[in-house]
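Chemist: So I've got this file, protein-v6.cif, and it contains mmCIF, C-alpha atoms:
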data_my_file
loop_
_atom_site.label_atom_id
_atom_site.label_comp_id
_atom_site.auth_asym_id
_atom_site.auth_seq_id
_atom_site.Cartn_x
_atom_site.Cartn_y
_atom_site.Cartn_z
CA MET A 1 17.78 31.31 18.53
CA ILE A 2 18.25 33.82 15.74
CA VAL A 3 19.29 31.01 13.44
CA ALA A 4 16.12 29.08 14.29
CA LEU A 5 14.06 32.18 13.53
CA VAL A 6 15.82 32.67 10.20
CA LEU A 7 15.14 29.04 9.27
CA VAL A 8 11.46 29.28 10.18
CA VAL A 9 11.01 32.55 8.33
CA TYR A 10 12.78 31.07 5.30
CA ALA A 11 10.48 28.04 5.38
CA ALA A 12 7.41 30.26 5.57
CA VAL A 13 8.51 32.58 2.77
CA ALA A 14 9.72 29.76 0.54
CA SER A 15 6.52 27.78 0.89
CA VAL A 16 4.53 30.78 -0.29
CA ALA A 17 6.87 32.40 -2.82
CA MET A 18 8.44 29.37 -4.47
CA PRO A 19 5.49 28.47 -6.76
CA SER A 20 5.49 31.88 -8.49
CA LEU A 21 9.29 31.85 -8.67
CA MET A 22 9.11 28.49 -10.43
CA ALA A 23 6.34 29.65 -12.73
CA GLY A 24 8.57 32.56 -13.80
CA THR A 25 11.17 30.22 -15.26
CA LYS A 26 10.39 28.21 -18.38
CA LEU A 27 12.22 25.32 -16.78
CA ALA A 28 9.25 22.93 -16.82
CA GLU A 29 8.74 22.91 -20.58
CA ARG A 30 12.43 22.88 -21.42
CA ALA A 31 13.85 20.52 -18.83
CA PRO A 32 11.13 18.60 -16.99
CA ARG A 33 13.55 16.29 -15.20
CA LEU A 34 15.48 19.21 -13.73
CA ALA A 35 12.21 20.94 -12.88
CA ILE A 36 11.07 17.88 -10.93
CA ALA A 37 14.38 17.92 -9.05
CA VAL A 38 13.98 21.62 -8.21
CA TRP A 39 10.42 21.10 -6.92
CA GLN A 40 11.50 18.17 -4.80
CA ALA A 41 14.52 20.08 -3.50
CA ALA A 42 12.30 23.05 -2.63
CA SER A 43 9.91 20.83 -0.68
CA PHE A 44 12.78 19.08 1.06
CA SER A 45 14.33 22.44 1.85
CA VAL A 46 11.24 23.75 3.60
CA VAL A 47 10.71 20.62 5.69
CA ALA A 48 14.42 20.36 6.52
CA SER A 49 14.50 24.00 7.63
CA LEU A 50 11.70 23.40 10.10
CA LEU A 51 13.36 20.31 11.51
CA LEU A 52 16.75 22.02 11.68
CA ALA A 53 15.16 24.95 13.48
CA VAL A 54 14.02 22.46 16.10
CA PHE A 55 17.53 21.04 16.26
CA VAL A 56 19.07 24.47 16.71
CA VAL A 57 16.68 25.39 19.51
CA VAL A 58 17.19 22.13 21.35
CA VAL A 59 20.93 21.63 20.95
CA PRO A 60 23.08 24.56 22.12
CA ALA A 61 25.55 25.95 19.63
CA HIS A 62 28.65 25.03 21.60
CA LEU A 63 27.80 21.36 21.20
CA VAL A 64 27.59 21.54 17.41
CA GLY A 65 30.41 21.78 14.91
CA HIS A 66 33.04 19.72 16.66
CA GLY A 67 32.81 16.87 14.24
CA LEU A 68 30.77 13.71 14.12
CA ALA A 69 31.94 12.29 17.44
CA ASP A 70 30.81 15.42 19.19
CA LEU A 71 27.46 15.24 17.49
CA PHE A 72 26.89 11.88 19.17
CA GLU A 73 28.04 13.46 22.37
CA ALA A 74 25.45 16.16 21.80
CA CYS A 75 22.79 13.47 21.48
CA ALA A 76 24.01 11.95 24.73
CA GLU A 77 23.85 15.38 26.32
CA LEU A 78 20.30 15.65 25.09
CA LEU A 79 19.42 12.53 27.03
CA SER A 80 21.26 13.63 30.14
CA SER A 81 20.42 16.80 31.97
CA ARG A 82 22.93 19.15 30.32
CA ILE A 83 20.29 20.25 27.88
CA ASP A 84 17.30 21.78 29.56
CA LEU A 85 14.26 19.90 28.30
CA GLY A 86 12.06 21.86 30.62
CA SER A 87 12.28 25.25 28.95
CA ALA A 88 9.22 26.36 27.05
CA ALA A 89 11.11 26.97 23.83
CA THR A 90 12.60 23.47 23.85
CA VAL A 91 9.29 21.79 24.53
CA THR A 92 7.53 23.82 21.84
CA ALA A 93 10.25 23.07 19.32
CA LEU A 94 10.33 19.36 20.06
CA THR A 95 6.55 19.13 19.85
CA LEU A 96 6.53 20.93 16.51
CA GLY A 97 9.25 18.66 15.18
CA ALA A 98 7.43 15.55 16.32
CA VAL A 99 4.17 16.72 14.73
CA VAL A 100 5.88 17.46 11.41
CA CYS A 101 7.58 14.06 11.34
CA ALA A 102 4.47 12.17 12.40
CA ARG A 103 2.25 13.90 9.82
CA MET A 104 4.67 13.13 7.01
CA ALA A 105 5.14 9.52 8.05
CA TYR A 106 1.39 9.00 8.34
CA THR A 107 0.42 10.51 4.99
CA THR A 108 3.31 8.82 3.17
CA ILE A 109 2.26 5.42 4.45
CA ALA A 110 -1.40 6.19 3.75
CA VAL A 111 -0.73 7.28 0.15
CA LEU A 112 1.49 4.29 -0.59
CA TRP A 113 -0.89 1.83 1.02
CA GLN A 114 -4.08 3.19 -0.52
CA SER A 115 -2.68 3.46 -4.02
CA ARG A 116 -1.23 -0.04 -3.74
CA GLN A 117 -4.62 -1.41 -2.72
CA ALA A 118 -6.38 0.42 -5.51
CA ARG A 119 -3.83 -0.77 -8.05
CA GLY A 120 -4.24 -4.34 -6.85
CA ARG A 121 -8.02 -4.17 -7.26
CA HIS A 122 -7.72 -2.58 -10.67
CA GLY A 123 -5.09 -5.12 -11.75
CA ASP A 124 -7.31 -8.04 -10.68
CA ALA A 125 -10.24 -6.63 -12.61
CA LEU A 126 -8.08 -5.97 -15.67
CA ALA A 127 -6.81 -9.55 -15.60
CA LEU A 128 -10.35 -10.73 -16.35
CA ILE A 129 -10.89 -8.61 -19.45
CA GLY A 130 -7.48 -7.76 -20.89
CA HIS A 131 -5.08 -9.90 -22.82
CA HIS A 132 -1.37 -9.32 -22.92
CA ASP A 133 0.00 -8.48 -26.33
CA ALA A 134 3.64 -9.55 -26.36
CA GLU A 135 4.50 -7.50 -29.42
CA LEU A 136 3.16 -4.27 -27.94
CA ASP A 137 4.22 -5.27 -24.41
CA ALA A 138 0.88 -3.99 -23.18
CA LEU A 139 -2.45 -5.22 -21.90
CA VAL A 140 -5.10 -4.76 -24.56
CA VAL A 141 -8.66 -4.10 -23.38
CA ASP A 142 -11.66 -4.47 -25.67
CA TYR A 143 -13.21 -1.02 -25.35
CA ASP A 144 -14.41 1.50 -27.93
CA GLU A 145 -13.07 4.66 -26.32
CA GLY A 146 -9.42 5.41 -27.02
CA LEU A 147 -7.56 5.20 -23.74
CA ALA A 148 -3.99 4.53 -22.76
CA TYR A 149 -2.56 4.46 -19.27
CA CYS A 150 -0.20 2.59 -17.09
CA LEU A 151 -0.70 0.63 -13.93
CA PRO A 152 2.50 1.24 -11.97
CA GLY A 153 4.00 -0.97 -9.31
CA ARG A 154 5.87 -4.23 -9.14
CA ASN A 155 3.80 -5.98 -11.81
CA GLY A 156 3.29 -2.73 -13.66
CA HIS A 157 2.21 -2.68 -17.26
CA ALA A 158 0.88 -0.40 -19.94
CA VAL A 159 -2.81 -0.64 -20.83
CA ILE A 160 -4.32 0.35 -24.15
CA THR A 161 -7.86 -0.05 -25.47
CA THR A 162 -8.86 -1.47 -28.85
CA GLY A 163 -10.44 1.94 -29.45
CA ALA A 164 -7.00 3.55 -29.24
CA LEU A 165 -5.44 0.87 -31.42
CA GLY A 166 -8.10 1.51 -34.05
CA ALA A 167 -7.83 5.31 -33.94
CA LEU A 168 -4.03 5.54 -34.08
CA THR A 169 -1.46 4.47 -36.65
CA PRO A 170 1.04 1.79 -35.57
CA ALA A 171 3.76 4.45 -35.25
CA GLN A 172 1.51 6.52 -32.99
CA VAL A 173 0.63 3.49 -30.88
CA ALA A 174 4.34 2.74 -30.47
CA ALA A 175 4.94 6.35 -29.38
CA VAL A 176 2.11 6.23 -26.84
CA LEU A 177 3.35 2.97 -25.37
CA ALA A 178 6.91 4.31 -25.22
CA HIS A 179 5.47 7.17 -23.17
CA GLU A 180 3.74 4.73 -20.81
CA HIS A 181 6.82 2.54 -20.48
CA ALA A 182 8.81 5.67 -19.61
CA HIS A 183 6.42 6.20 -16.68
CA LEU A 184 6.88 2.62 -15.57
CA ARG A 185 10.65 2.47 -15.92
CA GLY A 186 11.10 5.89 -14.33
CA ARG A 187 8.85 4.91 -11.40
CA HIS A 188 7.01 8.18 -11.89
CA HIS A 189 4.25 7.07 -9.56
CA LEU A 190 6.68 7.47 -6.67
CA VAL A 191 7.26 11.10 -7.67
CA LEU A 192 3.48 11.56 -7.57
CA ALA A 193 3.16 9.70 -4.28
CA ALA A 194 5.80 11.87 -2.59
CA ALA A 195 4.17 15.08 -3.78
CA GLU A 196 0.74 13.83 -2.79
CA ALA A 197 1.91 12.76 0.67
CA LEU A 198 3.40 16.21 1.36
CA ASP A 199 0.29 17.99 0.15
CA ARG A 200 -1.89 15.79 2.33
CA ALA A 201 0.41 16.22 5.34
CA PHE A 202 0.27 20.02 5.16
CA PRO A 203 -2.89 20.95 3.27
CA GLY A 204 -3.14 24.49 2.00
CA VAL A 205 0.60 25.18 1.81
CA PRO A 206 1.04 26.75 -1.65
CA LEU A 207 4.40 25.09 -2.32
CA PHE A 208 3.09 21.60 -1.66
CA ARG A 209 -0.20 22.19 -3.48
CA SER A 210 1.56 23.50 -6.59
CA GLY A 211 4.23 20.86 -6.20
CA ARG A 212 1.62 18.15 -6.44
CA SER A 213 -0.12 19.47 -9.54
CA GLU A 214 3.21 20.31 -11.14
CA ALA A 215 4.52 16.80 -10.46
CA ALA A 216 1.53 15.35 -12.34
CA ARG A 217 2.21 17.69 -15.28
CA LEU A 218 5.99 17.34 -15.28
CA ILE A 219 6.05 13.54 -15.41
CA GLU A 220 3.90 13.75 -18.55
CA LEU A 221 6.32 16.19 -20.17
CA LEU A 222 9.23 14.00 -19.10
CA ALA A 223 7.63 10.84 -20.48
CA ASP A 224 6.93 12.69 -23.75
CA ASP A 225 10.61 13.60 -23.96
CA VAL A 226 11.74 10.05 -23.26
CA ALA A 227 9.35 8.73 -25.92
CA ALA A 228 10.58 11.39 -28.36
CA ARG A 229 14.10 9.99 -28.19
CA ARG A 230 13.08 6.96 -30.21
CA HIS A 231 9.86 8.11 -31.87
CA GLU A 232 8.85 10.98 -34.08
CA ARG A 233 7.68 13.96 -32.05
CA VAL A 234 4.87 14.48 -34.53
CA ASP A 235 3.59 10.96 -33.78
CA ILE A 236 3.32 11.78 -30.10
CA ALA A 237 1.53 15.03 -30.86
CA ALA A 238 -0.83 13.32 -33.28
CA ALA A 239 -1.55 10.56 -30.76
CA LEU A 240 -2.41 13.19 -28.14
CA VAL A 241 -4.80 14.91 -30.50
CA GLY A 242 -6.22 11.63 -31.77
CA LEU A 243 -6.98 10.32 -28.32
CA ALA A 244 -8.30 13.69 -27.18
CA THR A 245 -10.67 14.24 -30.07
CA GLY A 246 -11.46 10.68 -31.13
CA ARG A 247 -14.61 10.68 -29.09
CA VAL A 248 -15.20 13.67 -26.88
CA PRO A 249 -17.18 12.45 -23.89
CA ALA A 250 -20.35 14.19 -22.74
CA PHE A 251 -18.92 14.61 -19.27
CA THR A 252 -15.52 15.92 -18.32
CA LEU A 253 -13.32 15.30 -15.37
CA GLY A 254 -10.62 17.61 -14.16
CA ALA A 255 -8.75 20.05 -16.30
CA GLY A 256 -6.03 18.35 -18.23
CA GLY A 257 -6.64 20.28 -21.39
CA GLU A 258 -4.14 23.00 -20.75
CA THR A 259 -1.41 20.48 -20.12
CA ALA A 260 -2.41 18.50 -23.19
CA LEU A 261 -2.17 21.57 -25.40
CA VAL A 262 1.24 22.45 -23.97
CA ARG A 263 2.34 18.91 -24.63
CA VAL A 264 1.21 19.01 -28.27
CA LEU A 265 2.88 22.35 -28.86
CA ARG A 266 6.19 21.34 -27.33
CA MET A 267 6.24 18.10 -29.30
CA LEU A 268 5.68 20.04 -32.53
CA SER A 269 7.91 23.02 -31.89
CA PRO A 270 10.28 22.24 -29.05
CA GLU A 271 12.09 25.11 -27.41
CA ALA A 272 15.84 24.99 -27.39
CA PRO A 273 17.11 22.70 -24.66
CA LEU A 274 18.85 24.33 -21.74
CA GLY A 275 22.33 25.68 -22.33
CA ARG A 276 25.18 24.56 -20.11
CA ALA A 277 24.97 27.70 -17.97
CA GLU A 278 21.22 27.38 -17.44
CA ARG A 279 21.52 23.72 -16.58
CA LEU A 280 24.33 24.49 -14.10
CA ALA A 281 22.19 27.20 -12.54
CA GLY A 282 19.38 24.70 -12.11
CA VAL A 283 21.67 22.14 -10.50
CA PHE A 284 23.12 24.86 -8.28
CA ALA A 285 19.59 25.78 -7.19
CA VAL A 286 18.95 22.16 -6.21
CA VAL A 287 22.18 21.99 -4.21
CA LEU A 288 21.46 25.31 -2.53
CA LEU A 289 17.90 24.32 -1.63
CA ILE A 290 19.04 21.04 -0.13
CA GLY A 291 22.27 22.19 1.53
CA GLY A 292 21.36 25.75 2.46
CA PRO A 293 19.29 25.09 5.56
CA ALA A 294 21.85 22.64 6.95
CA ALA A 295 24.67 25.12 6.39
CA MET A 296 22.62 27.77 8.15
CA ALA A 297 21.94 25.47 11.08
CA VAL A 298 25.57 24.59 11.77
CA MET A 299 26.82 28.15 11.31
CA PRO A 300 26.60 29.18 14.98
CA GLY A 301 28.36 25.98 15.96
CA ILE A 302 31.16 26.73 13.53
CA SER A 303 31.57 30.31 14.65
CA GLU A 304 31.56 29.05 18.21
CA MET A 305 34.32 26.63 17.33
CA ILE A 306 36.34 29.33 15.61
CA ALA A 307 35.93 31.55 18.64
CA HIS A 308 37.17 28.77 20.90
CA HIS A 309 40.08 27.60 18.84
CA GLY A 310 41.01 30.84 17.20
CA MET B 311 -0.47 -27.94 -17.66
CA VAL B 312 -0.14 -25.78 -14.58
CA ARG B 313 -1.85 -22.45 -14.87
CA GLY B 314 -2.40 -19.79 -12.28
CA LEU B 315 -5.73 -19.52 -10.50
CA GLY B 316 -6.03 -15.95 -11.77
CA GLU B 317 -5.87 -17.11 -15.33
CA LEU B 318 -8.49 -19.79 -14.67
CA GLU B 319 -10.76 -17.11 -13.22
CA ALA B 320 -10.31 -15.08 -16.38
CA THR B 321 -10.99 -18.10 -18.60
CA ILE B 322 -14.16 -19.04 -16.73
CA MET B 323 -15.44 -15.44 -16.71
CA ASP B 324 -14.77 -15.29 -20.41
CA ARG B 325 -16.87 -18.42 -20.99
CA MET B 326 -19.65 -17.19 -18.71
CA TRP B 327 -19.73 -13.86 -20.54
CA SER B 328 -19.79 -15.57 -23.92
CA TYR B 329 -22.81 -17.79 -23.00
CA ARG B 330 -25.01 -14.80 -22.20
CA ARG B 331 -27.21 -17.21 -20.22
CA PRO B 332 -27.09 -19.08 -16.90
CA ALA B 333 -24.91 -22.19 -16.77
CA LEU B 334 -24.18 -25.12 -14.45
CA VAL B 335 -20.68 -25.90 -13.20
CA ARG B 336 -20.96 -29.14 -15.20
CA GLU B 337 -21.57 -27.21 -18.44
CA VAL B 338 -18.57 -24.94 -17.86
CA LEU B 339 -16.48 -27.99 -17.01
CA ASP B 340 -17.43 -29.77 -20.26
CA ASP B 341 -16.62 -26.60 -22.18
CA LEU B 342 -13.19 -26.24 -20.53
CA ARG B 343 -12.36 -29.95 -20.96
CA ARG B 344 -12.26 -29.47 -24.70
CA ASP B 345 -8.98 -27.58 -24.20
CA ARG B 346 -7.49 -29.05 -21.06
CA GLU B 347 -7.66 -31.62 -18.28
CA ILE B 348 -9.39 -30.10 -15.31
CA ALA B 349 -11.18 -31.41 -12.21
CA TYR B 350 -14.82 -30.68 -11.39
CA THR B 351 -13.89 -29.46 -7.91
CA THR B 352 -11.37 -26.97 -9.34
CA VAL B 353 -14.00 -25.36 -11.56
CA MET B 354 -16.52 -25.39 -8.71
CA THR B 355 -14.04 -23.72 -6.35
CA VAL B 356 -13.16 -21.00 -8.83
CA MET B 357 -16.80 -20.31 -9.66
CA ASP B 358 -17.60 -20.11 -5.97
CA LYS B 359 -14.77 -17.58 -5.61
CA LEU B 360 -16.08 -15.54 -8.53
CA HIS B 361 -19.47 -15.53 -6.80
CA THR B 362 -17.86 -14.27 -3.59
CA LYS B 363 -16.14 -11.55 -5.59
CA GLY B 364 -19.50 -10.42 -6.91
CA LEU B 365 -18.81 -11.31 -10.54
CA LEU B 366 -21.23 -14.25 -10.74
CA LYS B 367 -24.70 -14.58 -9.24
CA ARG B 368 -26.15 -18.00 -8.49
CA TRP B 369 -29.27 -19.76 -7.35
CA LEU B 370 -30.22 -23.33 -6.53
CA ASP B 371 -31.90 -25.34 -9.25
CA GLY B 372 -32.73 -28.69 -7.74
CA ARG B 373 -29.51 -29.80 -6.06
CA ALA B 374 -27.00 -27.83 -8.13
CA TYR B 375 -26.17 -24.12 -8.35
CA VAL B 376 -26.85 -22.31 -11.58
CA TYR B 377 -24.44 -19.43 -12.24
CA GLU B 378 -24.78 -16.34 -14.36
CA ALA B 379 -22.53 -13.32 -14.95
CA VAL B 380 -23.76 -10.29 -13.01
CA THR B 381 -23.05 -7.87 -15.85
CA SER B 382 -22.04 -8.26 -19.47
CA LYS B 383 -18.36 -8.08 -20.32
CA GLU B 384 -18.97 -4.79 -22.11
CA ALA B 385 -20.62 -3.22 -19.07
CA TYR B 386 -17.91 -4.54 -16.78
CA THR B 387 -15.20 -3.11 -19.04
CA ALA B 388 -16.95 0.23 -19.33
CA ASP B 389 -17.28 0.47 -15.55
CA LEU B 390 -13.62 -0.32 -15.01
CA MET B 391 -12.39 2.11 -17.67
CA ARG B 392 -14.61 4.91 -16.36
CA GLU B 393 -13.51 4.19 -12.82
CA SER B 394 -9.86 4.32 -13.92
CA LEU B 395 -10.38 7.75 -15.47
CA ALA B 396 -12.31 9.09 -12.51
CA GLY B 397 -9.79 7.73 -10.02
CA SER B 398 -6.73 9.20 -11.67
CA GLY B 399 -7.77 12.67 -10.56
CA ASN B 400 -7.87 12.25 -6.82
CA GLN B 401 -5.43 9.36 -6.44
CA ALA B 402 -2.67 10.35 -8.80
CA ALA B 403 -0.26 7.72 -7.60
CA THR B 404 -2.57 4.87 -8.56
CA LEU B 405 -2.82 5.11 -12.33
CA VAL B 406 -1.05 7.37 -14.75
CA HIS B 407 -3.15 8.20 -17.78
CA PHE B 408 -1.69 9.16 -21.12
CA LEU B 409 -4.15 12.00 -21.22
CA GLU B 410 -6.75 13.52 -18.96
CA ARG B 411 -10.21 14.02 -20.35
CA LEU B 412 -10.62 17.23 -22.30
CA THR B 413 -13.58 19.50 -22.62
CA PRO B 414 -14.90 19.91 -26.18
CA GLU B 415 -13.37 23.41 -26.29
CA GLU B 416 -9.98 22.12 -25.23
CA ALA B 417 -10.12 19.34 -27.76
CA ALA B 418 -11.02 21.80 -30.52
CA ALA B 419 -8.13 24.05 -29.50
CA MET B 420 -5.82 21.09 -29.78
CA GLU B 421 -6.97 20.17 -33.24
CA ALA B 422 -6.56 23.77 -34.32
CA ALA B 423 -3.04 23.81 -32.90
CA LEU B 424 -2.07 20.77 -34.91
CA ARG B 425 -3.50 22.26 -38.08
CA VAL B 426 -1.76 25.61 -37.65
CA ILE B 427 1.67 24.32 -36.80
CA PRO B 428 3.35 22.53 -39.67
CA PRO B 429 5.13 19.41 -38.53
CA SER B 430 8.45 20.96 -39.52
CA THR B 431 10.28 19.46 -36.59
CA ARG B 432 10.24 15.98 -38.04
CA ARG B 433 13.65 14.51 -37.47
CA SER B 434 15.46 13.71 -40.67
#
Can you give me the file's structure in the form of structure tokens?

Modeler:
Amino acid sequence: MIVALVLVVYAAVASVAMPSLMAGTKLAERAPRLAIAVWQAASFSVVASLLLAVFVVVVPAHLVGHGLADLFEACAELLSSRIDLGSAATVTALTLGAVVCARMAYTTIAVLWQSRQARGRHGDALALIGHHDAELDALVVDYDEGLAYCLPGRNGHAVITTGALGALTPAQVAAVLAHEHAHLRGRHHLVLAAAEALDRAFPGVPLFRSGRSEAARLIELLADDVAARRHERVDIAAALVGLATGRVPAFTLGAGGETALVRVLRMLSPEAPLGRAERLAGVFAVVLLIGGPAAMAVMPGISEMIAHHG
Amino acid sequence: MVRGLGELEATIMDRMWSYRRPALVREVLDDLRRDREIAYTTVMTVMDKLHTKGLLKRWLDGRAYVYEAVTSKEAYTADLMRESLAGSGNQAATLVHFLERLTPEEAAAMEAALRVIPPSTRRS
């Protein structure tokens, strides 16, 4: 019971404190891929803690920790009468667990389905007006405003307007498209979908809310880095500025400006990449976030086992 | 030559947009036959589908339908591009834009940043 409490308290504290902890590190700008992993691990950690807390409440300690075969036995016990399904704590825990799982399943399916539908509609409409440029490996749309984006998915492709082609030099266009192809190859839309599904499943939880907006920012930084491997960083920066200032629209949507400025600055004057120790610390954090709750959950079982066999 | 129905839709819309006037299925057919062998019923079916999709409007003139594009290609493109920008905010997993829209202040700050920082990091 104490273990379950610890897990629940950890989940609560982590889901509130983690965003400011992450903001304190400069991980995002220096190692976006690792930062994405840490955010995902943190989200996983919180959800796993809740589910493990349910597990700990429902399955008595003496049934855990005797190896895999005994875990199946524990499941069998769960179905038979050895585990009291009637107690208030068990019922509450199982209900909570079921709600958490159902919410996540529902929002994940909803996000994937809706975005797939929207992409299909957009792709059909694009097919009427765009023409595929084999050399650029992108769909070119006749439009004055400079835009570049990608339509992810199975038949994913990069899209660029004639306005962008006219405003940018060939080297800049190549850099922009490398950025878009990095999104497509890296399946970054799935990173976004996962973060969005969690945020929708548990609205208002700071960790998931920040996780979603950070995911959107981090995949841009990551795609910039991938593009910078084969293109001049200054071309990426210039393309960002060119597309941003080419024609400033009368209306504005959302606040991407801060991210855009960060992106320009880090393309022009990149901070030193992570040292070996910092990178190891980051990886360790991921492992700890993912494995910690599970280790906590099986601890009473293990101590029980030691007590029995010792 | 076997081409996908989607491509035929695009070709026919392109012709309809280029006419900038109403046209009969027969006229579109004659136009298309300059480039390829194609049956009247195929063109009719595709144009009927484009009408169902809301891209073409039509009315009866005698015994045949006259078709016309609902909007110009420019307006259609503008709508789609604006929709893509607006949609990327609330449905992030749908489209991934190279850049969100900036306010004039943000854009000015960006230009200033590029001017201040010398591109010294150019790889040699």

Chemist: Translate the PyMOL selection byres ((chain B and resi 341) around 12) into a concrete residue list for this structure, as a ChimeraX atom specification.

Modeler: /B:321-322,324-326,328-329,333-340,342-348,350,353

Chemist: Measure the distance from atom CA of Thr92 of chain A to atom CA of Ala42 of chain A in Å and round it to one decimal.

Modeler: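 These atoms are spaced 24.9 Å apart.
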
Chemist: Provide the atom CA of Leu261 of chain A to atom CA of Ile236 of chain A distance in Å, to one decimal place.

Modeler: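 Calculated distance between atom CA of Leu261 of chain A and atom CA of Ile236 of chain A is 12.2 Å.
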
Chemist: Which is closest to chain B among A:Ala35, A:Leu274, A:Val298, A:Leu265, if we use only C-alpha atoms?

Modeler: A:Leu265

Chemist: What does the PyMOL selection byres ((chain A and resi 188-193) around 10) select in this file, as a PyMOL selection string?

Modeler: (chain A and resi 36-37+40+107-112+115+150-153+182-187+194-199+211-220+222-223) or (chain B and resi 401-406)

Chemist: Atom CA of Val376 of chain B and atom CA of Pro332 of chain B are how many Å apart?

Modeler: 6.2 Å

Chemist: Translate the PyMOL selection byres ((chain B and resi 323) around 12), as applied to the file shown, into an explicit residue set as a VMD selection string.

Modeler: (chain A and resid 125 127 to 130) or (chain B and resid 316 to 322 324 to 330 333 338 342 353 356 to 361 363 to 367 377 to 383 386)

Chemist: Given all atoms listed in the file as the basis, pick out the residue of A:Tyr106, A:Phe44, A:Phe208, A:Tyr143 nearest to chain B.

Modeler: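 The shortest atom-to-atom distance to chain B comes from A:Tyr143.
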
Chemist: Counting only C-alpha atoms, which of A:Ala158, A:Met296, A:Leu94, A:Leu221 gets nearest to Glu29 of chain A?

Modeler: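 Under the stated criterion, the closest residue is A:Leu221.
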
Chemist: In terms of the shortest atom-to-atom distance over all atoms listed in the file, which of B:Thr362, B:Thr387, B:Arg373, B:Arg392 is closest to chain A?

Modeler: B:Thr387

Chemist: Closest to chain B among A:Val13, A:Ala53, A:Val262, A:Ala138, using all atoms listed in the file?

Modeler: A:Val262

Chemist: From the list A:Lys26, A:Arg276, A:Arg209, A:His179, which residue is nearest chain B when using all atoms listed in the file?

Modeler: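 Nearest to chain B: A:His179.
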
Chemist: Considering only C-alpha atoms, return as a JSON list (two decimals) with C-alpha atoms, keeping the file's coordinate frame whatever protein or nucleic-acid residues lie within 12 Å of Leu136 of chain A, sequence-local ones (same chain, fewer than 4 positions apart) excluded.

Modeler:
[["chain", "number", "residue", "atom", "x", "y", "z"],
["A", 131, "HIS", "CA", -5.08, -9.90, -22.82],
["A", 132, "HIS", "CA", -1.37, -9.32, -22.92],
["A", 140, "VAL", "CA", -5.10, -4.76, -24.56],
["A", 157, "HIS", "CA", 2.21, -2.68, -17.26],
["A", 158, "ALA", "CA", 0.88, -0.40, -19.94],
["A", 159, "VAL", "CA", -2.81, -0.64, -20.83],
["A", 160, "ILE", "CA", -4.32, 0.35, -24.15],
["A", 165, "LEU", "CA", -5.44, 0.87, -31.42],
["A", 170, "PRO", "CA", 1.04, 1.79, -35.57],
["A", 171, "ALA", "CA", 3.76, 4.45, -35.25],
["A", 173, "VAL", "CA", 0.63, 3.49, -30.88],
["A", 174, "ALA", "CA", 4.34, 2.74, -30.47],
["A", 175, "ALA", "CA", 4.94, 6.35, -29.38],
["A", 176, "VAL", "CA", 2.11, 6.23, -26.84],
["A", 177, "LEU", "CA", 3.35, 2.97, -25.37],
["A", 178, "ALA", "CA", 6.91, 4.31, -25.22],
["A", 180, "GLU", "CA", 3.74, 4.73, -20.81],
["A", 181, "HIS", "CA", 6.82, 2.54, -20.48]]
